[in-house]
>>> print(open('my_file.txt').read())   # compact mmCIF, C-alpha atoms
# COMPACT_ATOMS: atom_id res chain seq x y z
CA MET Z 1489 -88.49 31.82 -66.94
CA ARG Z 1490 -87.07 32.27 -63.43
CA SER Z 1491 -83.74 30.63 -64.39
CA LEU Z 1492 -83.52 32.81 -67.50
CA SER Z 1493 -83.93 35.99 -65.44
CA ILE Z 1494 -81.20 34.87 -62.99
CA TRP Z 1495 -78.73 34.20 -65.91
CA THR Z 1496 -79.52 37.65 -67.39
CA ALA Z 1497 -78.82 39.37 -64.05
CA ALA Z 1498 -75.48 37.54 -63.63
CA LEU Z 1499 -74.42 38.49 -67.17
CA SER Z 1500 -75.17 42.16 -66.51
CA LEU Z 1501 -73.05 42.05 -63.32
CA ALA Z 1502 -70.09 40.44 -65.17
CA TRP Z 1503 -70.01 43.20 -67.79
CA ALA Z 1504 -70.31 46.03 -65.28
CA PRO Z 1505 -66.53 46.47 -64.60
CA LEU Z 1506 -65.72 46.59 -68.29
CA ALA Z 1507 -68.28 49.28 -68.87
CA ALA Z 1508 -66.90 51.29 -65.97
CA SER Z 1509 -63.36 50.93 -67.19
CA ALA Z 1510 -64.38 51.99 -70.66
CA GLY Z 1511 -65.67 55.23 -69.19
CA GLU Z 1512 -62.41 56.05 -67.40
CA ALA Z 1513 -60.10 58.86 -68.57
CA PRO Z 1514 -57.48 57.85 -71.14
CA LEU Z 1515 -53.96 57.01 -69.99
CA THR Z 1516 -51.42 59.82 -69.74
CA SER Z 1517 -48.61 59.15 -72.19
CA PHE Z 1518 -45.14 60.45 -72.93
CA THR Z 1519 -43.69 60.61 -76.45
CA VAL Z 1520 -40.09 59.38 -76.52
CA GLN Z 1521 -37.70 61.75 -78.29
CA PRO Z 1522 -33.88 61.91 -78.40
CA ALA Z 1523 -32.30 64.32 -75.95
CA ALA Z 1524 -30.95 67.59 -77.34
CA THR Z 1525 -27.35 66.86 -76.23
CA GLN Z 1526 -25.19 63.86 -75.60
CA LEU Z 1527 -24.73 62.69 -72.03
CA SER Z 1528 -21.21 62.89 -70.65
CA SER Z 1529 -20.11 59.40 -69.71
CA SER Z 1530 -18.71 58.68 -66.26
CA VAL Z 1531 -16.33 56.00 -65.04
CA ASP Z 1532 -15.39 54.97 -61.55
CA ALA Z 1533 -11.94 56.11 -60.48
CA GLN Z 1534 -9.80 56.44 -57.40
CA VAL Z 1535 -7.48 59.02 -55.91
CA GLU Z 1536 -3.78 58.25 -55.71
CA ALA Z 1537 -0.60 60.15 -54.92
CA VAL Z 1538 1.83 61.04 -57.66
CA ARG Z 1539 4.69 60.28 -55.28
CA ASP Z 1540 3.99 57.23 -53.15
CA ALA Z 1541 6.81 55.17 -51.66
CA THR Z 1542 6.76 51.87 -49.80
CA VAL Z 1543 9.56 51.78 -47.25
CA ALA Z 1544 11.00 48.28 -46.88
CA ALA Z 1545 14.08 46.82 -45.25
CA GLN Z 1546 17.20 45.83 -47.16
CA VAL Z 1547 18.60 43.65 -44.36
CA PRO Z 1548 16.98 41.21 -41.92
CA GLY Z 1549 16.58 42.02 -38.26
CA ALA Z 1550 14.18 42.76 -35.45
CA ILE Z 1551 12.48 46.17 -35.34
CA VAL Z 1552 13.58 47.99 -32.18
CA ARG Z 1553 12.07 51.43 -32.84
CA LEU Z 1554 9.16 52.93 -34.76
CA ALA Z 1555 9.55 56.69 -34.77
CA VAL Z 1556 6.32 57.61 -36.59
CA ARG Z 1557 2.64 56.75 -36.72
CA ALA Z 1558 0.10 56.77 -39.53
CA GLY Z 1559 -0.92 60.30 -40.52
CA GLU Z 1560 2.20 62.05 -39.22
CA GLN Z 1561 4.12 64.58 -41.27
CA VAL Z 1562 7.74 63.62 -42.04
CA THR Z 1563 10.63 65.42 -43.70
CA ALA Z 1564 13.15 64.04 -46.17
CA GLY Z 1565 15.91 62.14 -44.37
CA GLN Z 1566 13.99 61.75 -41.11
CA GLU Z 1567 14.50 58.39 -39.39
CA LEU Z 1568 11.35 56.27 -39.51
CA VAL Z 1569 12.32 52.76 -38.42
CA ARG Z 1570 15.38 51.33 -36.70
CA ILE Z 1571 16.36 47.68 -36.93
CA ASP Z 1572 18.60 45.85 -34.47
CA ALA Z 1573 22.11 46.48 -35.86
CA ARG Z 1574 24.31 45.04 -33.11
CA ALA Z 1575 25.61 42.21 -35.28
CA ALA Z 1576 26.33 44.61 -38.14
CA GLN Z 1577 28.15 46.98 -35.80
CA LEU Z 1578 30.33 44.14 -34.52
CA ASN Z 1579 31.15 43.13 -38.10
CA ALA Z 1580 32.07 46.73 -38.91
CA ALA Z 1581 34.32 46.90 -35.83
CA ALA Z 1582 35.97 43.62 -36.79
CA SER Z 1583 36.61 44.89 -40.31
CA THR Z 1584 38.17 48.07 -38.92
CA ALA Z 1585 40.47 46.01 -36.69
CA GLN Z 1586 41.54 43.88 -39.64
CA VAL Z 1587 42.40 47.03 -41.57
CA ASP Z 1588 44.58 48.24 -38.66
CA ALA Z 1589 46.37 44.90 -38.53
CA ALA Z 1590 46.99 44.93 -42.27
CA ARG Z 1591 48.40 48.44 -42.08
CA ALA Z 1592 50.84 47.33 -39.37
CA THR Z 1593 51.95 44.44 -41.56
CA LEU Z 1594 52.34 46.87 -44.46
CA ARG Z 1595 54.62 49.12 -42.41
CA VAL Z 1596 56.85 46.18 -41.50
CA ALA Z 1597 56.96 45.02 -45.12
CA ALA Z 1598 57.85 48.52 -46.31
CA GLN Z 1599 60.72 48.79 -43.79
CA GLU Z 1600 62.01 45.36 -44.75
CA TYR Z 1601 61.92 46.28 -48.40
CA GLU Z 1602 63.96 49.44 -47.74
CA ARG Z 1603 66.61 47.46 -45.86
CA GLN Z 1604 66.79 44.88 -48.61
CA LYS Z 1605 67.34 47.62 -51.19
CA GLN Z 1606 70.24 49.05 -49.18
CA LEU Z 1607 71.80 45.60 -48.81
CA PHE Z 1608 71.37 44.95 -52.52
CA GLN Z 1609 73.16 48.21 -53.36
CA LYS Z 1610 76.13 47.01 -51.25
CA GLN Z 1611 75.89 43.61 -53.02
CA TYR Z 1612 75.27 41.76 -49.75
CA ILE Z 1613 72.12 39.99 -51.09
CA SER Z 1614 71.03 38.63 -54.42
CA GLN Z 1615 68.42 39.97 -56.81
CA SER Z 1616 65.99 37.21 -55.89
CA ALA Z 1617 66.06 38.23 -52.21
CA LEU Z 1618 65.26 41.81 -53.19
CA ASP Z 1619 62.39 40.63 -55.41
CA ARG Z 1620 60.90 38.61 -52.55
CA ALA Z 1621 60.95 41.66 -50.27
CA GLU Z 1622 59.29 43.79 -52.94
CA ALA Z 1623 56.61 41.15 -53.54
CA GLN Z 1624 55.87 40.96 -49.82
CA TRP Z 1625 55.53 44.76 -49.67
CA ARG Z 1626 53.14 44.87 -52.64
CA ALA Z 1627 51.07 41.98 -51.26
CA SER Z 1628 50.70 43.86 -47.98
CA GLN Z 1629 49.50 46.92 -49.91
CA ALA Z 1630 46.87 44.85 -51.73
CA GLN Z 1631 45.77 43.28 -48.47
CA VAL Z 1632 45.21 46.69 -46.91
CA GLN Z 1633 43.14 47.85 -49.91
CA ALA Z 1634 40.98 44.71 -49.81
CA LEU Z 1635 40.30 45.02 -46.09
CA GLN Z 1636 39.51 48.71 -46.47
CA ALA Z 1637 36.88 47.85 -49.09
CA GLN Z 1638 35.38 45.22 -46.79
CA ALA Z 1639 35.28 47.71 -43.92
CA GLY Z 1640 33.55 50.26 -46.16
CA ALA Z 1641 30.93 47.70 -47.17
CA ALA Z 1642 30.33 46.75 -43.52
CA SER Z 1643 29.97 50.43 -42.59
CA THR Z 1644 27.55 51.02 -45.48
CA GLN Z 1645 25.50 47.99 -44.50
CA SER Z 1646 25.23 49.37 -40.96
CA ASP Z 1647 23.36 52.35 -42.43
CA PHE Z 1648 20.69 49.99 -43.82
CA TYR Z 1649 19.43 49.38 -40.28
CA ALA Z 1650 18.08 52.94 -40.03
CA LEU Z 1651 15.24 53.53 -42.54
CA LYS Z 1652 14.70 57.19 -43.45
CA ALA Z 1653 12.00 59.11 -45.28
CA PRO Z 1654 12.72 59.37 -49.03
CA PHE Z 1655 10.89 62.73 -49.31
CA THR Z 1656 8.75 65.14 -47.33
CA GLY Z 1657 5.21 63.84 -46.99
CA VAL Z 1658 2.70 62.01 -44.82
CA VAL Z 1659 2.92 58.51 -43.40
CA GLY Z 1660 0.11 56.44 -44.93
CA THR Z 1661 0.06 52.99 -43.36
CA VAL Z 1662 2.31 51.34 -40.78
CA PRO Z 1663 1.69 47.58 -40.88
CA ALA Z 1664 4.80 46.81 -38.79
CA THR Z 1665 5.18 47.01 -35.02
CA VAL Z 1666 8.11 46.98 -32.62
CA GLY Z 1667 9.42 43.44 -32.30
CA ASP Z 1668 8.43 42.32 -35.80
CA MET Z 1669 11.03 40.63 -37.96
CA ALA Z 1670 12.04 42.83 -40.87
CA LEU Z 1671 12.97 40.94 -44.02
CA PRO Z 1672 14.41 42.28 -47.29
CA GLY Z 1673 11.53 43.57 -49.42
CA LYS Z 1674 8.90 43.32 -46.66
CA PRO Z 1675 6.86 46.58 -46.52
CA LEU Z 1676 7.16 48.34 -43.17
CA LEU Z 1677 5.29 51.60 -43.92
CA THR Z 1678 4.19 53.87 -46.77
CA VAL Z 1679 4.82 57.57 -47.35
CA TYR Z 1680 3.01 59.79 -49.86
CA ASP Z 1681 3.24 63.42 -50.91
CA PRO Z 1682 -0.14 65.16 -50.32
CA SER Z 1683 0.82 68.17 -52.42
CA ALA Z 1684 0.57 66.22 -55.70
CA MET Z 1685 -2.53 64.04 -56.10
CA ARG Z 1686 -4.29 62.62 -59.14
CA VAL Z 1687 -7.31 60.55 -60.15
CA THR Z 1688 -6.83 57.35 -62.14
CA ALA Z 1689 -9.45 55.36 -64.03
CA ALA Z 1690 -9.60 52.52 -66.53
CA VAL Z 1691 -11.58 53.50 -69.64
CA GLY Z 1692 -12.48 51.74 -72.87
CA GLN Z 1693 -10.47 52.10 -76.03
CA GLN Z 1694 -13.04 54.38 -77.70
CA GLN Z 1695 -13.18 56.63 -74.65
CA ALA Z 1696 -9.38 56.77 -74.59
CA ALA Z 1697 -9.31 57.78 -78.25
CA ALA Z 1698 -11.88 60.50 -77.56
CA LEU Z 1699 -9.76 61.81 -74.70
CA ARG Z 1700 -6.64 61.96 -76.88
CA ASN Z 1701 -8.52 64.08 -79.43
CA ALA Z 1702 -10.50 66.16 -76.94
CA SER Z 1703 -9.55 69.76 -76.27
CA GLY Z 1704 -12.16 70.48 -73.62
CA PRO Z 1705 -11.85 69.94 -69.87
CA VAL Z 1706 -12.49 66.72 -67.97
CA GLN Z 1707 -14.63 66.83 -64.85
CA ILE Z 1708 -13.76 65.14 -61.55
CA GLU Z 1709 -16.20 64.35 -58.77
CA ILE Z 1710 -15.15 63.09 -55.33
CA PRO Z 1711 -18.26 62.37 -53.22
CA GLY Z 1712 -18.01 63.93 -49.79
CA LEU Z 1713 -15.05 66.12 -50.76
CA THR Z 1714 -16.04 68.20 -53.78
CA PRO Z 1715 -19.58 69.62 -53.55
CA GLU Z 1716 -19.75 69.75 -57.35
CA ARG Z 1717 -17.75 68.60 -60.33
CA VAL Z 1718 -14.30 70.11 -60.73
CA ALA Z 1719 -13.18 70.91 -64.28
CA VAL Z 1720 -9.59 69.99 -65.15
CA PRO Z 1721 -8.04 71.32 -68.39
CA ALA Z 1722 -7.04 68.84 -71.07
CA GLY Z 1723 -3.35 69.56 -70.47
CA LYS Z 1724 -3.60 67.89 -67.05
CA VAL Z 1725 -4.99 64.66 -68.53
CA GLN Z 1726 -2.60 61.82 -69.35
CA VAL Z 1727 -3.72 58.80 -71.38
CA LEU Z 1728 -1.22 55.98 -71.10
CA PRO Z 1729 -0.16 54.45 -74.43
CA THR Z 1730 -0.55 50.82 -73.30
CA VAL Z 1731 -3.73 48.73 -73.21
CA ASP Z 1732 -4.42 46.05 -70.62
CA SER Z 1733 -4.44 42.68 -72.35
CA LEU Z 1734 -7.10 41.18 -70.06
CA SER Z 1735 -9.67 43.98 -69.68
CA HIS Z 1736 -8.74 45.86 -72.90
CA THR Z 1737 -8.87 49.14 -71.00
CA VAL Z 1738 -6.55 52.13 -70.97
CA GLN Z 1739 -5.45 53.90 -67.81
CA VAL Z 1740 -6.19 57.62 -67.60
CA ARG Z 1741 -4.53 59.93 -65.08
CA VAL Z 1742 -5.97 63.35 -64.25
CA ASP Z 1743 -4.09 65.73 -61.95
CA LEU Z 1744 -6.13 67.17 -59.12
CA PRO Z 1745 -6.09 70.97 -58.78
CA PRO Z 1746 -3.64 72.15 -56.09
CA GLY Z 1747 -6.46 73.66 -54.02
CA THR Z 1748 -8.22 70.30 -53.52
CA ALA Z 1749 -7.75 69.79 -49.78
CA GLY Z 1750 -8.53 66.56 -47.95
CA ALA Z 1751 -7.84 64.18 -50.82
CA ALA Z 1752 -6.19 60.93 -49.72
CA PRO Z 1753 -4.98 57.90 -51.66
CA GLY Z 1754 -7.67 55.28 -52.15
CA MET Z 1755 -10.66 57.66 -52.13
CA PHE Z 1756 -13.49 56.85 -54.53
CA ALA Z 1757 -13.85 59.33 -57.36
CA ARG Z 1758 -15.87 59.66 -60.55
CA LEU Z 1759 -14.43 60.84 -63.84
CA TRP Z 1760 -16.78 62.52 -66.32
CA LEU Z 1761 -15.49 62.18 -69.86
CA PRO Z 1762 -16.46 64.37 -72.83
CA THR Z 1763 -18.25 62.84 -75.80
CA ALA Z 1764 -16.24 62.41 -78.98
CA PRO Z 1765 -17.38 64.68 -81.85
CA PRO Z 1766 -18.93 62.90 -84.89
CA GLN Z 1767 -16.56 62.28 -87.78
CA SER Z 1768 -19.26 62.28 -90.48
CA ALA Z 1769 -22.95 62.83 -91.06
CA ALA Z 1770 -23.63 59.12 -90.60
CA ALA Z 1771 -21.66 59.15 -87.39
CA GLY Z 1772 -23.55 62.23 -86.26
CA ALA Z 1773 -26.85 60.44 -86.82
CA ALA Z 1774 -25.57 57.43 -84.95
CA GLN Z 1775 -24.47 59.64 -82.06
CA ALA Z 1776 -27.82 61.38 -81.64
CA GLY Z 1777 -28.90 62.21 -78.13
CA PRO Z 1778 -30.03 59.37 -75.85
CA LEU Z 1779 -33.63 58.33 -75.34
CA LEU Z 1780 -34.86 59.46 -71.93
CA VAL Z 1781 -38.12 58.47 -70.22
CA PRO Z 1782 -39.49 59.37 -66.78
CA ALA Z 1783 -38.25 57.00 -64.12
CA SER Z 1784 -41.80 56.65 -62.74
CA ALA Z 1785 -42.90 54.95 -65.98
CA VAL Z 1786 -40.50 52.03 -65.55
CA VAL Z 1787 -41.98 48.69 -64.51
CA ARG Z 1788 -39.79 46.25 -62.56
CA ARG Z 1789 -41.02 42.72 -62.05
CA ALA Z 1790 -38.46 40.27 -60.68
CA GLU Z 1791 -35.63 40.29 -63.25
CA MET Z 1792 -37.69 41.99 -65.97
CA THR Z 1793 -37.55 45.75 -66.60
CA GLY Z 1794 -40.09 47.18 -69.01
CA LEU Z 1795 -42.33 50.01 -70.16
CA TYR Z 1796 -46.01 50.11 -71.14
CA VAL Z 1797 -45.95 51.24 -74.79
CA LEU Z 1798 -49.21 52.44 -76.34
CA ASP Z 1799 -50.14 51.13 -79.77
CA ALA Z 1800 -52.20 52.91 -82.45
CA GLN Z 1801 -55.45 52.04 -80.59
CA ASP Z 1802 -54.02 53.41 -77.31
CA ARG Z 1803 -53.75 49.91 -75.87
CA PRO Z 1804 -50.83 49.52 -73.42
CA LEU Z 1805 -48.45 46.67 -74.17
CA LEU Z 1806 -45.69 45.76 -71.73
CA ARG Z 1807 -42.31 45.70 -73.50
CA GLN Z 1808 -38.96 44.71 -72.00
CA VAL Z 1809 -36.24 47.37 -72.23
CA ARG Z 1810 -32.63 47.81 -71.16
CA LEU Z 1811 -31.89 50.90 -69.11
CA GLY Z 1812 -28.78 53.01 -68.80
CA ARG Z 1813 -27.81 55.79 -66.42
CA ALA Z 1814 -30.19 57.98 -64.46
CA VAL Z 1815 -30.41 61.68 -65.32
CA GLY Z 1816 -32.36 63.50 -62.63
CA ASP Z 1817 -35.93 62.15 -62.61
CA GLN Z 1818 -35.41 60.48 -65.99
CA VAL Z 1819 -33.56 57.37 -67.07
CA GLU Z 1820 -31.82 56.47 -70.30
CA VAL Z 1821 -33.24 53.65 -72.44
CA LEU Z 1822 -30.53 51.76 -74.31
CA SER Z 1823 -32.72 49.29 -76.22
CA GLY Z 1824 -36.30 48.10 -76.54
CA ILE Z 1825 -37.94 51.34 -77.67
CA ARG Z 1826 -37.70 53.77 -80.58
CA ALA Z 1827 -38.06 57.51 -80.88
CA GLY Z 1828 -41.65 58.64 -81.51
CA GLU Z 1829 -43.30 55.84 -79.53
CA ARG Z 1830 -45.59 56.68 -76.64
CA VAL Z 1831 -45.08 55.38 -73.11
CA ALA Z 1832 -47.74 55.23 -70.39
CA LEU Z 1833 -46.75 57.40 -67.43
CA GLN Z 1834 -48.96 55.43 -65.01
CA PRO Z 1835 -47.85 51.80 -65.16
CA GLN Z 1836 -50.35 50.65 -62.52
CA ALA Z 1837 -53.28 52.17 -64.40
CA ALA Z 1838 -51.95 50.67 -67.64
CA ALA Z 1839 -51.80 47.24 -66.03
CA LYS Z 1840 -55.45 47.53 -65.03
CA VAL Z 1841 -56.42 48.48 -68.56
CA ARG Z 1842 -54.66 45.43 -69.91
>>> encode(input="my_file.txt", output="structure tokens")
Amino acid sequence: MRSLSIWTAALSLAWAPLAASAGEAPLTSFTVQPAATQLSSSVDAQVEAVRDATVAAQVPGAIVRLAVRAGEQVTAGQELVRIDARAAQLNAAASTAQVDAARATLRVAAQEYERQKQLFQKQYISQSALDRAEAQWRASQAQVQALQAQAGAASTQSDFYALKAPFTGVVGTVPATVGDMALPGKPLLTVYDPSAMRVTAAVGQQQAAALRNASGPVQIEIPGLTPERVAVPAGKVQVLPTVDSLSHTVQVRVDLPPGTAGAAPGMFARLWLPTAPPQSAAAGAAQAGPLLVPASAVVRRAEMTGLYVLDAQDRPLLRQVRLGRAVGDQVEVLSGIRAGERVALQPQAAAKVR
């Protein structure tokens, strides 16, 4: 009898938590319904200059002067870099001297030809002697023209040793220093025009098609620069006609408004794209608003993301879901739940009930 009473007391203690939990208040739930409007999709983008030039050398040589630094304002035609041009200057001087020598030879040949013509008129020389004098005079003329062309090329090449700004703008980067060896095609500095900036992004093919057909504005957000989204009219949006063969994306260019101060190439930006209108009733049903749930109801355990969904008997069942973007204190659910289902708002309390 004593053992029976002990077993009865232990059984009553084991059932005590269940009885207490059964008396607790029911779980607070949230009924999932589609949002009233579509969410505007966003893509990562970057700021770039419409006019951006990389200044490189056309001839080899050592850099002897850097006239600018990064961030400085420059004007069109201003000298930026000078390369050692002593060898080129000597070549130009030698070409000029050769032209002078050829001109002296041409003067002698011209005088000799005139004398030979006078002697031929008096029949003191033969026709062949006159022809030789004329040939020598014409050869001297051709020699002068050839040396003049070489001297012009040497003089033009001397100008390559002074690199000048292609347009008025700002110096971006200066990777070269005085004493570096400049080689043809090697970048020495970059110049961009801050008065014309744009935002570029790579979007999917469907988003690109929606942009081509959209008539509304596109919004640009530059964190740290624009306190809120900036609307850009559709006329300032350019969708390139080509598609990248590897990523299957299309490049989109959106001009920044002229009043956007402080934008620099390489800045991170975000492009908010409008949603394409439905083409039919079926498409409209397919493009219904997204399913949003409170972010506090989401359960994250290791690599699993889920929600406690209540069944018909109000029992919470943990279900794995795939989440999308965050919208304020809510988050979009892409898959794993349907409209009309109820979600427990207190995941910890739902876990205890389970």
>>> atom_distance(input="my_file.txt", atom1="CA of Leu1795 in chain Z", atom2="CA of Ser1823 in chain Z")
11.4 Å
>>> atom_distance(input="my_file.txt", atom1="CA of Leu1676 in chain Z", atom2="CA of Ala1544 in chain Z")
5.3 Å
>>> residues_around(input="my_file.txt", residues="Gly1828 in chain Z", least_positions_apart="5", cutoff="10 Å", atoms="all atoms listed in the file", output="list in words")
Phe1518, Thr1519, Val1520, Gln1521 and Pro1522 of chain Z
>>> residues_around(input="my_file.txt", residues="Val1720 in chain Z", least_positions_apart="6", cutoff="7 Å", atoms="all atoms listed in the file", output="NGL selection string")
:Z and (1705-1707)
>>> write_last_selection(input="my_file.txt", atoms="C-alpha atoms", output="short mmCIF file (atom, residue, chain, number, x, y, z; two decimals), in the coordinates of the input")
data_model
loop_
_atom_site.label_atom_id
_atom_site.label_comp_id
_atom_site.auth_asym_id
_atom_site.auth_seq_id
_atom_site.Cartn_x
_atom_site.Cartn_y
_atom_site.Cartn_z
CA PRO Z 1705 -11.85 69.94 -69.87
CA VAL Z 1706 -12.49 66.72 -67.97
CA GLN Z 1707 -14.63 66.83 -64.85
#
>>> residues_around(input="my_file.txt", residues="Ala1592 in chain Z", least_positions_apart="4", cutoff="12 Å", atoms="only C-alpha atoms", output="list in words")
Ala1585, Gln1586, Val1587, Asp1588, Val1596, Ala1597, Ala1598, Gln1599, Trp1625, Ser1628, Gln1629, Gln1631 and Val1632 of chain Z
>>> atom_distance(input="my_file.txt", atom1="CA of Asp1817 in chain Z", atom2="CA of Arg1788 in chain Z")
16.4 Å
>>> closest_residue(input="my_file.txt", among="Z:Ala1641, Z:Val1531, Z:Gln1633, Z:Gln1566", to="Arg1591 in chain Z", atoms="all atoms listed in the file")
Z:Gln1633
>>> residues_around(input="my_file.txt", residues="range 1797-1814 of chain Z", least_positions_apart="3", cutoff="10 Å", atoms="only C-alpha atoms", output="ChimeraX atom specification")
/Z:1514-1515,1517-1519,1527,1529-1530,1778-1783,1786-1788,1792-1794,1817-1825,1829-1833,1835,1837-1842
>>> write_last_selection(input="my_file.txt", atoms="C-alpha atoms", output="PDB file, in the frame of the given file")
ATOM      1  CA  PRO Z1514     -57.480  57.850 -71.140  1.00  0.00           C
ATOM      2  CA  LEU Z1515     -53.960  57.010 -69.990  1.00  0.00           C
ATOM      3  CA  SER Z1517     -48.610  59.150 -72.190  1.00  0.00           C
ATOM      4  CA  PHE Z1518     -45.140  60.450 -72.930  1.00  0.00           C
ATOM      5  CA  THR Z1519     -43.690  60.610 -76.450  1.00  0.00           C
ATOM      6  CA  LEU Z1527     -24.730  62.690 -72.030  1.00  0.00           C
ATOM      7  CA  SER Z1529     -20.110  59.400 -69.710  1.00  0.00           C
ATOM      8  CA  SER Z1530     -18.710  58.680 -66.260  1.00  0.00           C
ATOM      9  CA  PRO Z1778     -30.030  59.370 -75.850  1.00  0.00           C
ATOM     10  CA  LEU Z1779     -33.630  58.330 -75.340  1.00  0.00           C
ATOM     11  CA  LEU Z1780     -34.860  59.460 -71.930  1.00  0.00           C
ATOM     12  CA  VAL Z1781     -38.120  58.470 -70.220  1.00  0.00           C
ATOM     13  CA  PRO Z1782     -39.490  59.370 -66.780  1.00  0.00           C
ATOM     14  CA  ALA Z1783     -38.250  57.000 -64.120  1.00  0.00           C
ATOM     15  CA  VAL Z1786     -40.500  52.030 -65.550  1.00  0.00           C
ATOM     16  CA  VAL Z1787     -41.980  48.690 -64.510  1.00  0.00           C
ATOM     17  CA  ARG Z1788     -39.790  46.250 -62.560  1.00  0.00           C
ATOM     18  CA  MET Z1792     -37.690  41.990 -65.970  1.00  0.00           C
ATOM     19  CA  THR Z1793     -37.550  45.750 -66.600  1.00  0.00           C
ATOM     20  CA  GLY Z1794     -40.090  47.180 -69.010  1.00  0.00           C
ATOM     21  CA  ASP Z1817     -35.930  62.150 -62.610  1.00  0.00           C
ATOM     22  CA  GLN Z1818     -35.410  60.480 -65.990  1.00  0.00           C
ATOM     23  CA  VAL Z1819     -33.560  57.370 -67.070  1.00  0.00           C
ATOM     24  CA  GLU Z1820     -31.820  56.470 -70.300  1.00  0.00           C
ATOM     25  CA  VAL Z1821     -33.240  53.650 -72.440  1.00  0.00           C
ATOM     26  CA  LEU Z1822     -30.530  51.760 -74.310  1.00  0.00           C
ATOM     27  CA  SER Z1823     -32.720  49.290 -76.220  1.00  0.00           C
ATOM     28  CA  GLY Z1824     -36.300  48.100 -76.540  1.00  0.00           C
ATOM     29  CA  ILE Z1825     -37.940  51.340 -77.670  1.00  0.00           C
ATOM     30  CA  GLU Z1829     -43.300  55.840 -79.530  1.00  0.00           C
ATOM     31  CA  ARG Z1830     -45.590  56.680 -76.640  1.00  0.00           C
ATOM     32  CA  VAL Z1831     -45.080  55.380 -73.110  1.00  0.00           C
ATOM     33  CA  ALA Z1832     -47.740  55.230 -70.390  1.00  0.00           C
ATOM     34  CA  LEU Z1833     -46.750  57.400 -67.430  1.00  0.00           C
ATOM     35  CA  PRO Z1835     -47.850  51.800 -65.160  1.00  0.00           C
ATOM     36  CA  ALA Z1837     -53.280  52.170 -64.400  1.00  0.00           C
ATOM     37  CA  ALA Z1838     -51.950  50.670 -67.640  1.00  0.00           C
ATOM     38  CA  ALA Z1839     -51.800  47.240 -66.030  1.00  0.00           C
ATOM     39  CA  LYS Z1840     -55.450  47.530 -65.030  1.00  0.00           C
ATOM     40  CA  VAL Z1841     -56.420  48.480 -68.560  1.00  0.00           C
ATOM     41  CA  ARG Z1842     -54.660  45.430 -69.910  1.00  0.00           C
TER      42      ARG Z1842
END
>>> closest_residue(input="my_file.txt", among="Z:Val1658, Z:Ala1590, Z:Ala1757, Z:Leu1671", to="Ala1634 in chain Z", atoms="only C-alpha atoms")
Z:Ala1590
>>> closest_residue(input="my_file.txt", among="Z:Asn1701, Z:Thr1665, Z:Thr1584, Z:Gln1604", to="Leu1554 in chain Z", atoms="only C-alpha atoms")
Z:Thr1665
>>> residues_near_point(input="my_file.txt", point="(-12.8, 58.1, -58.6)", cutoff="6 Å", atoms="all atoms listed in the file", output="PyMOL selection string")
chain Z and resi 1532-1534+1756-1758
>>> closest_residue(input="my_file.txt", among="Z:Ala1589, Z:Ala1617, Z:Ala1653, Z:Ala1639", to="Val1562 in chain Z", atoms="all atoms listed in the file")
Z:Ala1653
>>> residues_around(input="my_file.txt", residues="Leu1568 in chain Z", least_positions_apart="4", cutoff="8 Å", atoms="all atoms listed in the file", output="PyMOL selection string")
chain Z and resi 1554-1556+1650-1653
>>> closest_residue(input="my_file.txt", among="Z:Leu1635, Z:Arg1741, Z:Phe1655, Z:Ala1827", to="Gly1565 in chain Z", atoms="all atoms listed in the file")
Z:Phe1655
>>> axis_aligned_box(input="my_file.txt", around="range 1828-1831 of chain Z", padding_each_side="3 Å", output="lines of an AutoDock Vina configuration file")
center_x = -43.6
center_y = 57.0
center_z = -77.3
size_x = 9.9
size_y = 9.3
size_z = 14.4
>>> build_atoms(input="my_file.txt", residues="range 1568-1573 of chain Z", atoms="N, CA, C and O atoms", output="PDB file, in the coordinates of the input")
ATOM      1  N   LEU Z1568      12.686  56.826 -39.689  1.00  0.00           N
ATOM      2  CA  LEU Z1568      11.350  56.270 -39.510  1.00  0.00           C
ATOM      3  C   LEU Z1568      11.364  54.981 -38.696  1.00  0.00           C
ATOM      4  O   LEU Z1568      10.568  54.811 -37.778  1.00  0.00           O
ATOM      5  N   VAL Z1569      12.249  54.080 -39.054  1.00  0.00           N
ATOM      6  CA  VAL Z1569      12.320  52.760 -38.420  1.00  0.00           C
ATOM      7  C   VAL Z1569      13.779  52.452 -38.148  1.00  0.00           C
ATOM      8  O   VAL Z1569      14.659  52.764 -38.962  1.00  0.00           O
ATOM      9  N   ARG Z1570      14.029  51.809 -37.005  1.00  0.00           N
ATOM     10  CA  ARG Z1570      15.380  51.330 -36.700  1.00  0.00           C
ATOM     11  C   ARG Z1570      15.319  49.841 -36.413  1.00  0.00           C
ATOM     12  O   ARG Z1570      14.472  49.364 -35.658  1.00  0.00           O
ATOM     13  N   ILE Z1571      16.249  49.128 -37.067  1.00  0.00           N
ATOM     14  CA  ILE Z1571      16.360  47.680 -36.930  1.00  0.00           C
ATOM     15  C   ILE Z1571      17.580  47.359 -36.078  1.00  0.00           C
ATOM     16  O   ILE Z1571      18.577  48.096 -36.091  1.00  0.00           O
ATOM     17  N   ASP Z1572      17.491  46.270 -35.333  1.00  0.00           N
ATOM     18  CA  ASP Z1572      18.600  45.850 -34.470  1.00  0.00           C
ATOM     19  C   ASP Z1572      19.855  45.651 -35.314  1.00  0.00           C
ATOM     20  O   ASP Z1572      19.911  44.781 -36.183  1.00  0.00           O
ATOM     21  N   ALA Z1573      20.882  46.481 -35.048  1.00  0.00           N
ATOM     22  CA  ALA Z1573      22.110  46.480 -35.860  1.00  0.00           C
ATOM     23  C   ALA Z1573      23.330  46.078 -35.049  1.00  0.00           C
ATOM     24  O   ALA Z1573      24.456  46.383 -35.448  1.00  0.00           O
TER      25      ALA Z1573
END
